[in-house]
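Source file target_15.cif; content: mmCIF, C-alpha atoms.
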```cif
data_data
#
loop_
_atom_site.group_PDB
_atom_site.id
_atom_site.type_symbol
_atom_site.label_atom_id
_atom_site.label_comp_id
_atom_site.auth_asym_id
_atom_site.auth_seq_id
_atom_site.Cartn_x
_atom_site.Cartn_y
_atom_site.Cartn_z
ATOM 1 C CA MET A 18 0.000 0.000 0.000
ATOM 2 C CA GLY A 19 1.406 3.361 -1.034
ATOM 3 C CA ASN A 20 1.654 6.247 1.423
ATOM 4 C CA LEU A 21 0.939 9.970 1.253
ATOM 5 C CA TYR A 22 3.783 12.143 2.549
ATOM 6 C CA VAL A 23 3.140 15.865 3.079
ATOM 7 C CA LEU A 24 6.509 17.566 3.495
ATOM 8 C CA ASP A 25 5.966 20.133 6.220
ATOM 9 C CA HIS A 26 9.284 22.033 6.126
ATOM 10 C CA PRO A 27 9.937 25.768 6.686
ATOM 11 C CA LEU A 28 12.173 26.100 3.602
ATOM 12 C CA ILE A 29 9.536 24.513 1.382
ATOM 13 C CA HIS A 30 6.789 26.755 2.792
ATOM 14 C CA HIS A 31 8.935 29.838 2.238
ATOM 15 C CA LYS A 32 9.734 28.954 -1.369
ATOM 16 C CA LEU A 33 6.113 27.998 -2.088
ATOM 17 C CA ALA A 34 5.031 31.419 -0.840
ATOM 18 C CA LEU A 35 7.243 33.005 -3.515
ATOM 19 C CA LEU A 36 5.774 30.730 -6.190
ATOM 20 C CA ARG A 37 2.191 31.556 -5.221
ATOM 21 C CA ASP A 38 2.823 35.294 -5.535
ATOM 22 C CA ALA A 39 1.487 36.489 -8.913
ATOM 23 C CA ARG A 40 4.253 39.129 -8.985
ATOM 24 C CA THR A 41 7.049 36.519 -9.056
ATOM 25 C CA GLY A 42 8.801 36.591 -12.452
ATOM 26 C CA VAL A 43 9.657 33.676 -14.727
ATOM 27 C CA LYS A 44 13.298 33.385 -13.621
ATOM 28 C CA GLU A 45 12.484 33.358 -9.915
ATOM 29 C CA PHE A 46 9.525 31.036 -10.432
ATOM 30 C CA ARG A 47 11.587 28.532 -12.422
ATOM 31 C CA GLU A 48 14.363 28.587 -9.822
ATOM 32 C CA GLY A 49 11.864 28.117 -6.992
ATOM 33 C CA VAL A 50 10.284 25.081 -8.624
ATOM 34 C CA GLY A 51 13.720 23.508 -9.013
ATOM 35 C CA GLU A 52 14.753 24.262 -5.450
ATOM 36 C CA ILE A 53 11.591 22.705 -4.009
ATOM 37 C CA ALA A 54 12.011 19.684 -6.288
ATOM 38 C CA ALA A 55 15.516 19.143 -4.896
ATOM 39 C CA LEU A 56 14.268 19.378 -1.309
ATOM 40 C CA MET A 57 11.479 16.905 -2.083
ATOM 41 C CA CYS A 58 13.910 14.551 -3.805
ATOM 42 C CA TYR A 59 16.016 14.508 -0.648
ATOM 43 C CA GLU A 60 13.032 13.181 1.319
ATOM 44 C CA ALA A 61 11.608 10.875 -1.361
ATOM 45 C CA MET A 62 14.958 9.118 -1.812
ATOM 46 C CA ARG A 63 15.644 8.703 1.892
ATOM 47 C CA ASP A 64 15.202 4.917 1.687
ATOM 48 C CA LEU A 65 17.496 4.253 -1.283
ATOM 49 C CA PRO A 66 19.693 1.220 -0.521
ATOM 50 C CA THR A 67 23.394 1.739 0.169
ATOM 51 C CA GLU A 68 26.459 -0.462 0.435
ATOM 52 C CA GLU A 69 29.761 -0.071 2.228
ATOM 53 C CA ARG A 70 33.037 0.675 0.484
ATOM 54 C CA GLU A 71 36.492 1.683 1.598
ATOM 55 C CA VAL A 72 38.279 4.850 0.473
ATOM 56 C CA GLU A 73 41.570 6.506 1.327
ATOM 57 C CA THR A 74 41.142 9.954 2.880
ATOM 58 C CA PRO A 75 44.095 12.363 3.258
ATOM 59 C CA VAL A 76 44.371 11.042 6.821
ATOM 60 C CA ALA A 77 43.438 7.327 6.852
ATOM 61 C CA ARG A 78 41.298 4.632 5.264
ATOM 62 C CA ALA A 79 37.559 5.041 5.888
ATOM 63 C CA ARG A 80 34.471 2.899 5.505
ATOM 64 C CA VAL A 81 31.862 4.873 3.524
ATOM 65 C CA ARG A 82 28.353 4.262 2.201
ATOM 66 C CA VAL A 83 27.406 4.664 -1.455
ATOM 67 C CA LEU A 84 24.186 4.067 -3.381
ATOM 68 C CA ALA A 85 23.534 0.465 -4.315
ATOM 69 C CA GLY A 86 20.780 -1.710 -5.682
ATOM 70 C CA LYS A 87 18.026 -0.427 -7.950
ATOM 71 C CA LYS A 88 18.759 2.032 -10.720
ATOM 72 C CA LEU A 89 16.671 5.186 -10.959
ATOM 73 C CA ALA A 90 14.573 6.888 -13.624
ATOM 74 C CA ILE A 91 12.793 10.233 -13.478
ATOM 75 C CA VAL A 92 9.774 10.827 -15.667
ATOM 76 C CA PRO A 93 8.368 14.357 -15.894
ATOM 77 C CA ILE A 94 4.833 14.882 -17.129
ATOM 78 C CA LEU A 95 5.164 17.433 -19.932
ATOM 79 C CA ARG A 96 5.497 20.200 -19.869
ATOM 80 C CA ALA A 97 5.474 21.587 -16.336
ATOM 81 C CA GLY A 98 7.291 18.541 -14.954
ATOM 82 C CA LEU A 99 10.388 19.579 -16.922
ATOM 83 C CA GLY A 100 10.939 22.325 -14.365
ATOM 84 C CA MET A 101 11.704 19.685 -11.729
ATOM 85 C CA VAL A 102 14.159 17.568 -13.748
ATOM 86 C CA ASP A 103 17.553 19.317 -13.697
ATOM 87 C CA PRO A 104 17.821 19.855 -9.920
ATOM 88 C CA ILE A 105 17.098 16.159 -9.342
ATOM 89 C CA LEU A 106 19.615 15.138 -12.013
ATOM 90 C CA ASP A 107 22.178 17.269 -10.186
ATOM 91 C CA LEU A 108 21.688 14.988 -7.179
ATOM 92 C CA VAL A 109 21.450 11.682 -9.088
ATOM 93 C CA PRO A 110 23.189 12.271 -12.449
ATOM 94 C CA SER A 111 23.134 8.568 -13.330
ATOM 95 C CA ALA A 112 19.324 8.497 -13.452
ATOM 96 C CA LYS A 113 17.728 8.040 -16.864
ATOM 97 C CA VAL A 114 14.943 10.362 -18.015
ATOM 98 C CA GLY A 115 11.685 9.482 -19.712
ATOM 99 C CA HIS A 116 8.935 11.848 -20.864
ATOM 100 C CA ILE A 117 5.155 11.544 -20.879
ATOM 101 C CA GLY A 118 3.199 14.272 -22.659
ATOM 102 C CA LEU A 119 -0.344 14.786 -21.391
ATOM 103 C CA MET A 120 -2.673 17.710 -21.882
ATOM 104 C CA ARG A 121 -6.017 18.355 -20.251
ATOM 105 C CA ASP A 122 -9.110 18.698 -22.424
ATOM 106 C CA PRO A 123 -10.429 22.183 -21.558
ATOM 107 C CA GLU A 124 -14.046 20.990 -21.528
ATOM 108 C CA THR A 125 -13.944 17.481 -20.082
ATOM 109 C CA HIS A 126 -10.754 18.016 -18.024
ATOM 110 C CA GLN A 127 -9.710 14.484 -19.046
ATOM 111 C CA PRO A 128 -6.060 13.766 -19.996
ATOM 112 C CA ILE A 129 -5.082 13.478 -23.664
ATOM 113 C CA THR A 130 -1.760 11.768 -24.436
ATOM 114 C CA TYR A 131 0.419 13.276 -27.166
ATOM 115 C CA TYR A 132 3.861 11.834 -26.342
ATOM 116 C CA CYS A 133 5.443 8.949 -24.424
ATOM 117 C CA LYS A 134 9.133 8.026 -24.543
ATOM 118 C CA LEU A 135 10.640 5.886 -21.797
ATOM 119 C CA PRO A 136 14.114 4.382 -21.220
ATOM 120 C CA PRO A 137 14.290 0.835 -22.668
ATOM 121 C CA ASP A 138 15.119 -0.614 -19.247
ATOM 122 C CA VAL A 139 12.594 1.487 -17.310
ATOM 123 C CA SER A 140 10.942 -1.656 -15.903
ATOM 124 C CA GLN A 141 14.176 -2.423 -14.051
ATOM 125 C CA ARG A 142 14.358 1.003 -12.447
ATOM 126 C CA ARG A 143 12.776 2.784 -9.520
ATOM 127 C CA VAL A 144 10.738 5.529 -11.154
ATOM 128 C CA PHE A 145 9.978 9.032 -9.864
ATOM 129 C CA VAL A 146 7.122 10.794 -11.688
ATOM 130 C CA LEU A 147 7.348 14.594 -11.598
ATOM 131 C CA ASP A 148 4.604 17.201 -11.958
ATOM 132 C CA PRO A 149 4.351 20.466 -9.995
ATOM 133 C CA MET A 150 0.546 20.305 -9.703
ATOM 134 C CA LEU A 151 -1.754 17.414 -8.815
ATOM 135 C CA ALA A 152 -5.171 18.840 -9.659
ATOM 136 C CA THR A 153 -7.820 16.418 -10.946
ATOM 137 C CA GLY A 154 -5.368 13.528 -10.779
ATOM 138 C CA GLY A 155 -6.288 12.382 -14.286
ATOM 139 C CA SER A 156 -2.910 13.073 -15.884
ATOM 140 C CA ALA A 157 -0.998 11.599 -12.960
ATOM 141 C CA ALA A 158 -3.100 8.429 -12.935
ATOM 142 C CA ALA A 159 -2.707 8.062 -16.707
ATOM 143 C CA ALA A 160 1.072 8.556 -16.553
ATOM 144 C CA ILE A 161 1.432 5.983 -13.796
ATOM 145 C CA GLY A 162 -0.729 3.636 -15.849
ATOM 146 C CA TYR A 163 1.669 3.933 -18.813
ATOM 147 C CA LEU A 164 4.604 3.120 -16.539
ATOM 148 C CA LYS A 165 2.882 0.053 -15.170
ATOM 149 C CA GLU A 166 2.095 -1.088 -18.723
ATOM 150 C CA ALA A 167 5.844 -0.803 -19.378
ATOM 151 C CA GLY A 168 6.492 -3.162 -16.466
ATOM 152 C CA CYS A 169 7.425 -0.658 -13.758
ATOM 153 C CA ALA A 170 6.792 -1.996 -10.260
ATOM 154 C CA SER A 171 8.357 0.719 -8.075
ATOM 155 C CA ILE A 172 6.811 4.150 -8.717
ATOM 156 C CA THR A 173 6.820 7.331 -6.632
ATOM 157 C CA MET A 174 5.005 10.575 -7.497
ATOM 158 C CA LEU A 175 6.333 14.042 -6.572
ATOM 159 C CA ASN A 176 4.069 17.116 -6.635
ATOM 160 C CA LEU A 177 4.592 20.604 -5.256
ATOM 161 C CA ILE A 178 0.900 21.364 -4.691
ATOM 162 C CA ALA A 179 -1.962 18.863 -4.597
ATOM 163 C CA ALA A 180 -5.733 19.139 -4.388
ATOM 164 C CA PRO A 181 -7.610 16.632 -2.205
ATOM 165 C CA GLU A 182 -9.568 15.527 -5.289
ATOM 166 C CA GLY A 183 -6.394 14.672 -7.192
ATOM 167 C CA ILE A 184 -4.918 12.756 -4.291
ATOM 168 C CA GLU A 185 -8.089 10.686 -4.027
ATOM 169 C CA VAL A 186 -8.094 9.854 -7.758
ATOM 170 C CA VAL A 187 -4.444 8.719 -7.804
ATOM 171 C CA ARG A 188 -4.696 6.715 -4.597
ATOM 172 C CA LYS A 189 -7.838 4.974 -5.831
ATOM 173 C CA ALA A 190 -6.345 4.154 -9.254
ATOM 174 C CA HIS A 191 -2.867 3.277 -7.956
ATOM 175 C CA PRO A 192 -2.980 2.421 -4.244
ATOM 176 C CA ASP A 193 0.546 0.991 -4.387
ATOM 177 C CA VAL A 194 2.204 4.289 -5.391
ATOM 178 C CA ASP A 195 3.809 6.616 -2.819
ATOM 179 C CA LEU A 196 2.835 10.298 -3.135
ATOM 180 C CA TYR A 197 5.154 13.067 -1.953
ATOM 181 C CA VAL A 198 3.571 16.531 -1.941
ATOM 182 C CA ALA A 199 4.864 19.793 -0.538
ATOM 183 C CA VAL A 200 1.397 21.000 0.473
ATOM 184 C CA VAL A 201 -2.260 20.024 0.109
ATOM 185 C CA ASP A 202 -4.452 22.958 -0.909
ATOM 186 C CA GLU A 203 -8.177 23.521 -0.317
ATOM 187 C CA ARG A 204 -9.963 22.310 -3.446
ATOM 188 C CA LEU A 205 -10.469 22.580 -7.203
ATOM 189 C CA ASN A 206 -12.527 25.388 -8.723
ATOM 190 C CA GLU A 207 -15.066 25.054 -11.542
ATOM 191 C CA ASN A 208 -12.221 25.139 -14.107
ATOM 192 C CA ALA A 209 -10.339 22.336 -12.313
ATOM 193 C CA TYR A 210 -7.608 24.704 -11.086
ATOM 194 C CA ILE A 211 -6.203 24.253 -7.597
ATOM 195 C CA VAL A 212 -7.374 26.867 -5.055
ATOM 196 C CA PRO A 213 -5.464 28.859 -3.916
ATOM 197 C CA GLY A 214 -2.749 27.179 -6.015
ATOM 198 C CA LEU A 215 -0.295 29.217 -8.059
ATOM 199 C CA GLY A 216 -1.899 29.383 -11.508
ATOM 200 C CA ASP A 217 -0.703 27.395 -14.517
ATOM 201 C CA ALA A 218 2.722 26.050 -13.531
ATOM 202 C CA GLY A 219 3.800 25.369 -17.115
ATOM 203 C CA ASP A 220 2.974 28.886 -18.274
ATOM 204 C CA ARG A 221 4.787 30.407 -15.303
ATOM 205 C CA ILE A 222 7.872 28.202 -15.717
ATOM 206 C CA PHE A 223 8.258 28.908 -19.427
ATOM 207 C CA GLY A 224 6.796 32.417 -19.594
ATOM 208 C CA THR A 225 4.103 31.495 -22.093
ATOM 209 C CA LYS A 226 1.328 33.500 -20.486
#
```
Take the structure in the file and write it out as structure tokens.
Amino acid sequence: MGNLYVLDHPLIHHKLALLRDARTGVKEFREGVGEIAALMCYEAMRDLPTEEREVETPVARARVRVLAGKKLAIVPILRAGLGMVDPILDLVPSAKVGHIGLMRDPETHQPITYYCKLPPDVSQRRVFVLDPMLATGGSAAAAIGYLKEAGCASITMLNLIAAPEGIEVVRKAHPDVDLYVAVVDERLNENAYIVPGLGDAGDRIFGTK
């Protein structure tokens, strides 16, 4: 059974406050998304397996711990999820990257797939799905479904802001998937936007609106 982790941390709250502010520019917004993604990655990867090795320090030999076991893959949901990729790759540069392109039908609010490209060995990797916003949950559930069809058995979802409705949809469709969110907001409005949210994350990351 997957778990829901809400990351209640002062640094995350502070950076989210900057992202919510409509006056925050593209550069600062993009940087903030990346910084929060890195902080979330630190928590979400807390249980990665390690193994002992021995190295020579300038003073003496030392027993150290390094990552071992499962390989990693990160899969952003296009396009807003791209804003979370680079900071995580800075921490785990050996991870492979897949992409799933989903857009929301403006009338039905259902996900429409327009692109899916995954690493050939993705089924052998622990996968982290990235998307700043978990609103209706439709896109997230669809993306996770694609990964399971590809044979993935270890999947974790990272979202900056989530609506209760989206959390419910993903947990019902994929009860085995862990969800890491920075904060859970109040609700969705009639246009399926998170309230209070921060607007359209993709537009604010790339300056397209």
Evaluating the PyMOL selection byres ((chain A and resi 56) around 12) on the displayed file yields which residues, as a CSV table (one decimal) with C-alpha atoms, keeping the file's coordinate frame?
```csv
chain,number,residue,atom,x,y,z
A,24,LEU,CA,6.5,17.6,3.5
A,25,ASP,CA,6.0,20.1,6.2
A,26,HIS,CA,9.3,22.0,6.1
A,27,PRO,CA,9.9,25.8,6.7
A,28,LEU,CA,12.2,26.1,3.6
A,29,ILE,CA,9.5,24.5,1.4
A,30,HIS,CA,6.8,26.8,2.8
A,32,LYS,CA,9.7,29.0,-1.4
A,33,LEU,CA,6.1,28.0,-2.1
A,49,GLY,CA,11.9,28.1,-7.0
A,50,VAL,CA,10.3,25.1,-8.6
A,51,GLY,CA,13.7,23.5,-9.0
A,52,GLU,CA,14.8,24.3,-5.4
A,53,ILE,CA,11.6,22.7,-4.0
A,54,ALA,CA,12.0,19.7,-6.3
A,55,ALA,CA,15.5,19.1,-4.9
A,57,MET,CA,11.5,16.9,-2.1
A,58,CYS,CA,13.9,14.6,-3.8
A,59,TYR,CA,16.0,14.5,-0.6
A,60,GLU,CA,13.0,13.2,1.3
A,61,ALA,CA,11.6,10.9,-1.4
A,62,MET,CA,15.0,9.1,-1.8
A,63,ARG,CA,15.6,8.7,1.9
A,101,MET,CA,11.7,19.7,-11.7
A,104,PRO,CA,17.8,19.9,-9.9
A,105,ILE,CA,17.1,16.2,-9.3
A,108,LEU,CA,21.7,15.0,-7.2
A,175,LEU,CA,6.3,14.0,-6.6
A,176,ASN,CA,4.1,17.1,-6.6
A,177,LEU,CA,4.6,20.6,-5.3
A,197,TYR,CA,5.2,13.1,-2.0
A,198,VAL,CA,3.6,16.5,-1.9
A,199,ALA,CA,4.9,19.8,-0.5
```
Apply the PyMOL selection byres ((chain A and resi 205) around 10) to the structure shown and report the selected residues as a short mmCIF file (atom, residue, chain, number, x, y, z; two decimals) with C-alpha atoms, keeping the file's coordinate frame.
```
data_model
loop_
_atom_site.label_atom_id
_atom_site.label_comp_id
_atom_site.auth_asym_id
_atom_site.auth_seq_id
_atom_site.Cartn_x
_atom_site.Cartn_y
_atom_site.Cartn_z
CA ALA A 152 -5.17 18.84 -9.66
CA THR A 153 -7.82 16.42 -10.95
CA ALA A 179 -1.96 18.86 -4.60
CA ALA A 180 -5.73 19.14 -4.39
CA PRO A 181 -7.61 16.63 -2.20
CA GLU A 182 -9.57 15.53 -5.29
CA GLY A 183 -6.39 14.67 -7.19
CA ASP A 202 -4.45 22.96 -0.91
CA GLU A 203 -8.18 23.52 -0.32
CA ARG A 204 -9.96 22.31 -3.45
CA ASN A 206 -12.53 25.39 -8.72
CA GLU A 207 -15.07 25.05 -11.54
CA ASN A 208 -12.22 25.14 -14.11
CA ALA A 209 -10.34 22.34 -12.31
CA TYR A 210 -7.61 24.70 -11.09
CA ILE A 211 -6.20 24.25 -7.60
CA VAL A 212 -7.37 26.87 -5.06
CA PRO A 213 -5.46 28.86 -3.92
CA GLY A 214 -2.75 27.18 -6.02
#
```
Shell around segment 64-75 of chain A at 10 Å using all atoms listed in the file, local window under 2 positions removed, as a PyMOL selection string: chain A and resi 59-62+77-89+143
Only C-alpha atoms, please: the residues just picked out, written as a PDB file, in the frame of the given file.
```pdb
ATOM      1  CA  TYR A  59      16.016  14.508  -0.648  1.00  0.00           C
ATOM      2  CA  GLU A  60      13.032  13.181   1.319  1.00  0.00           C
ATOM      3  CA  ALA A  61      11.608  10.875  -1.361  1.00  0.00           C
ATOM      4  CA  MET A  62      14.958   9.118  -1.812  1.00  0.00           C
ATOM      5  CA  ALA A  77      43.438   7.327   6.852  1.00  0.00           C
ATOM      6  CA  ARG A  78      41.298   4.632   5.264  1.00  0.00           C
ATOM      7  CA  ALA A  79      37.559   5.041   5.888  1.00  0.00           C
ATOM      8  CA  ARG A  80      34.471   2.899   5.505  1.00  0.00           C
ATOM      9  CA  VAL A  81      31.862   4.873   3.524  1.00  0.00           C
ATOM     10  CA  ARG A  82      28.353   4.262   2.201  1.00  0.00           C
ATOM     11  CA  VAL A  83      27.406   4.664  -1.455  1.00  0.00           C
ATOM     12  CA  LEU A  84      24.186   4.067  -3.381  1.00  0.00           C
ATOM     13  CA  ALA A  85      23.534   0.465  -4.315  1.00  0.00           C
ATOM     14  CA  GLY A  86      20.780  -1.710  -5.682  1.00  0.00           C
ATOM     15  CA  LYS A  87      18.026  -0.427  -7.950  1.00  0.00           C
ATOM     16  CA  LYS A  88      18.759   2.032 -10.720  1.00  0.00           C
ATOM     17  CA  LEU A  89      16.671   5.186 -10.959  1.00  0.00           C
ATOM     18  CA  ARG A 143      12.776   2.784  -9.520  1.00  0.00           C
TER      19      ARG A 143
END
```
Using only C-alpha atoms, can you tell me which of A:Gly219, A:Pro93, A:Gly155, A:Pro123 comes closest to His191 of chain A?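 Comparing A:Gly219, A:Pro93, A:Gly155, A:Pro123 against His191 of chain A, the winner is A:Gly155.
Note that atom CA of Pro137 of chain A and atom CA of Arg121 of chain A are 26.9 Å apart.
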Could you list, as an MDAnalysis selection string, every residue within 7 Å of Gly118 of chain A, counting only C-alpha atoms and ignoring same-chain residues fewer than 2 positions away? chainID A and resid 94:96 116 120 130:133
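The space between atom CA of Leu36 of chain A and atom CA of Phe145 of chain A spans 22.4 Å.
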Quick check on the file I pasted: which residues fall under the PyMOL selection byres ((chain A and resi 112) around 10)? Write them as a list of chain:residue names.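 So the PyMOL selection byres ((chain A and resi 112) around 10), applied here, picks out A:Lys88, A:Leu89, A:Ala90, A:Ile91, A:Ile105, A:Leu106, A:Asp107, A:Leu108, A:Val109, A:Pro110, A:Ser111, A:Lys113, A:Val114, A:Gly115, A:Arg142, A:Arg143, A:Val144.
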I'd like the interatomic distance between atom CA of Val186 of chain A and atom CA of Val139 of chain A, to a tenth of an Å.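 Spanning atom CA of Val186 of chain A to atom CA of Val139 of chain A is a straight-line distance of 24.3 Å.
Residue nearest Arg221 of chain A, chosen from A:Gly19, A:Pro136, A:Pro128, A:Pro149 and counting only C-alpha atoms: A:Pro149.
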Take the point (-7.4, 7.0, -19.3) as written in the file and pick out every residue within 10 Å of it, counting only C-alpha atoms; give the list as a VMD selection string. chain A and resid 127 to 130 155 to 156 158 to 160 162 to 163
Could you write out the selected residues, including C-alpha atoms, as a compact mmCIF listing (two decimals), in the frame of the given file?
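In the end it all went to again_34.txt:
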```txt
# COMPACT_ATOMS: atom_id res chain seq x y z
CA GLN A 127 -9.71 14.48 -19.05
CA PRO A 128 -6.06 13.77 -20.00
CA ILE A 129 -5.08 13.48 -23.66
CA THR A 130 -1.76 11.77 -24.44
CA GLY A 155 -6.29 12.38 -14.29
CA SER A 156 -2.91 13.07 -15.88
CA ALA A 158 -3.10 8.43 -12.94
CA ALA A 159 -2.71 8.06 -16.71
CA ALA A 160 1.07 8.56 -16.55
CA GLY A 162 -0.73 3.64 -15.85
CA TYR A 163 1.67 3.93 -18.81
```
Of the listed residues A:Met18, A:Leu215, A:Cys169, A:Ile184, that which approaches Val92 of chain A most closely, counting only C-alpha atoms: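 Residue with the minimum atom-to-atom distance to Val92 of chain A: A:Cys169.
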Any chance you could work out the axis-aligned box around segment 180-183 of chain A, listed atoms only, 5 Å on each side, giving centre and edge lengths in Å to one decimal, as JSON?
```
{"center_x": -7.7, "center_y": 16.9, "center_z": -4.7, "size_x": 13.8, "size_y": 14.5, "size_z": 15.0}
```
Is it possible to add all heavy atoms to segment 144-152 of chain A and hand it back as an mmCIF file, keeping the file's coordinate frame?
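That gives us out_28.cif:
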```
data_model
loop_
_atom_site.group_PDB
_atom_site.id
_atom_site.type_symbol
_atom_site.label_atom_id
_atom_site.label_comp_id
_atom_site.auth_asym_id
_atom_site.auth_seq_id
_atom_site.Cartn_x
_atom_site.Cartn_y
_atom_site.Cartn_z
ATOM 1 N N VAL A 144 11.161 4.379 -10.350
ATOM 2 C CA VAL A 144 10.738 5.529 -11.154
ATOM 3 C C VAL A 144 10.126 6.615 -10.270
ATOM 4 O O VAL A 144 9.278 6.338 -9.416
ATOM 5 C CB VAL A 144 9.717 5.102 -12.224
ATOM 6 C CG1 VAL A 144 9.311 6.296 -13.078
ATOM 7 C CG2 VAL A 144 10.297 3.988 -13.103
ATOM 8 N N PHE A 145 10.540 7.865 -10.537
ATOM 9 C CA PHE A 145 9.978 9.032 -9.864
ATOM 10 C C PHE A 145 9.263 9.884 -10.903
ATOM 11 O O PHE A 145 9.886 10.400 -11.828
ATOM 12 C CB PHE A 145 11.075 9.828 -9.162
ATOM 13 C CG PHE A 145 11.703 9.098 -8.010
ATOM 14 C CD1 PHE A 145 12.743 8.202 -8.224
ATOM 15 C CD2 PHE A 145 11.233 9.278 -6.716
ATOM 16 C CE1 PHE A 145 13.305 7.503 -7.166
ATOM 17 C CE2 PHE A 145 11.799 8.575 -5.656
ATOM 18 C CZ PHE A 145 12.830 7.690 -5.884
ATOM 19 N N VAL A 146 7.943 10.014 -10.763
ATOM 20 C CA VAL A 146 7.122 10.794 -11.688
ATOM 21 C C VAL A 146 7.034 12.221 -11.147
ATOM 22 O O VAL A 146 6.730 12.432 -9.966
ATOM 23 C CB VAL A 146 5.718 10.187 -11.829
ATOM 24 C CG1 VAL A 146 4.894 10.978 -12.837
ATOM 25 C CG2 VAL A 146 5.815 8.727 -12.249
ATOM 26 N N LEU A 147 7.273 13.198 -12.024
ATOM 27 C CA LEU A 147 7.348 14.594 -11.598
ATOM 28 C C LEU A 147 6.262 15.440 -12.250
ATOM 29 O O LEU A 147 6.076 15.398 -13.467
ATOM 30 C CB LEU A 147 8.717 15.185 -11.969
ATOM 31 C CG LEU A 147 9.961 14.368 -11.632
ATOM 32 C CD1 LEU A 147 11.212 15.099 -12.137
ATOM 33 C CD2 LEU A 147 10.049 14.087 -10.146
ATOM 34 N N ASP A 148 5.562 16.220 -11.450
ATOM 35 C CA ASP A 148 4.604 17.201 -11.958
ATOM 36 C C ASP A 148 4.343 18.203 -10.835
ATOM 37 O O ASP A 148 4.000 17.795 -9.722
ATOM 38 C CB ASP A 148 3.287 16.530 -12.374
ATOM 39 C CG ASP A 148 2.441 17.411 -13.285
ATOM 40 O OD1 ASP A 148 2.842 18.570 -13.546
ATOM 41 O OD2 ASP A 148 1.377 16.955 -13.725
ATOM 42 N N PRO A 149 4.536 19.505 -11.087
ATOM 43 C CA PRO A 149 4.351 20.466 -9.995
ATOM 44 C C PRO A 149 2.958 20.439 -9.370
ATOM 45 O O PRO A 149 2.825 20.598 -8.165
ATOM 46 C CB PRO A 149 4.621 21.821 -10.675
ATOM 47 C CG PRO A 149 5.509 21.496 -11.818
ATOM 48 C CD PRO A 149 5.055 20.154 -12.304
ATOM 49 N N MET A 150 1.914 20.212 -10.193
ATOM 50 C CA MET A 150 0.546 20.305 -9.703
ATOM 51 C C MET A 150 -0.189 18.978 -9.841
ATOM 52 O O MET A 150 -0.145 18.343 -10.899
ATOM 53 C CB MET A 150 -0.222 21.379 -10.477
ATOM 54 C CG MET A 150 0.515 22.697 -10.626
ATOM 55 S SD MET A 150 0.809 23.525 -9.045
ATOM 56 C CE MET A 150 -0.801 24.235 -8.739
ATOM 57 N N LEU A 151 -0.863 18.571 -8.774
ATOM 58 C CA LEU A 151 -1.754 17.414 -8.815
ATOM 59 C C LEU A 151 -3.158 17.950 -8.608
ATOM 60 O O LEU A 151 -3.599 18.164 -7.478
ATOM 61 C CB LEU A 151 -1.382 16.402 -7.724
ATOM 62 C CG LEU A 151 -2.243 15.142 -7.632
ATOM 63 C CD1 LEU A 151 -2.197 14.357 -8.935
ATOM 64 C CD2 LEU A 151 -1.805 14.278 -6.470
ATOM 65 N N ALA A 152 -3.851 18.199 -9.715
ATOM 66 C CA ALA A 152 -5.171 18.840 -9.659
ATOM 67 C C ALA A 152 -6.280 17.790 -9.674
ATOM 68 O O ALA A 152 -6.664 17.262 -8.640
ATOM 69 C CB ALA A 152 -5.315 19.829 -10.808
#
```
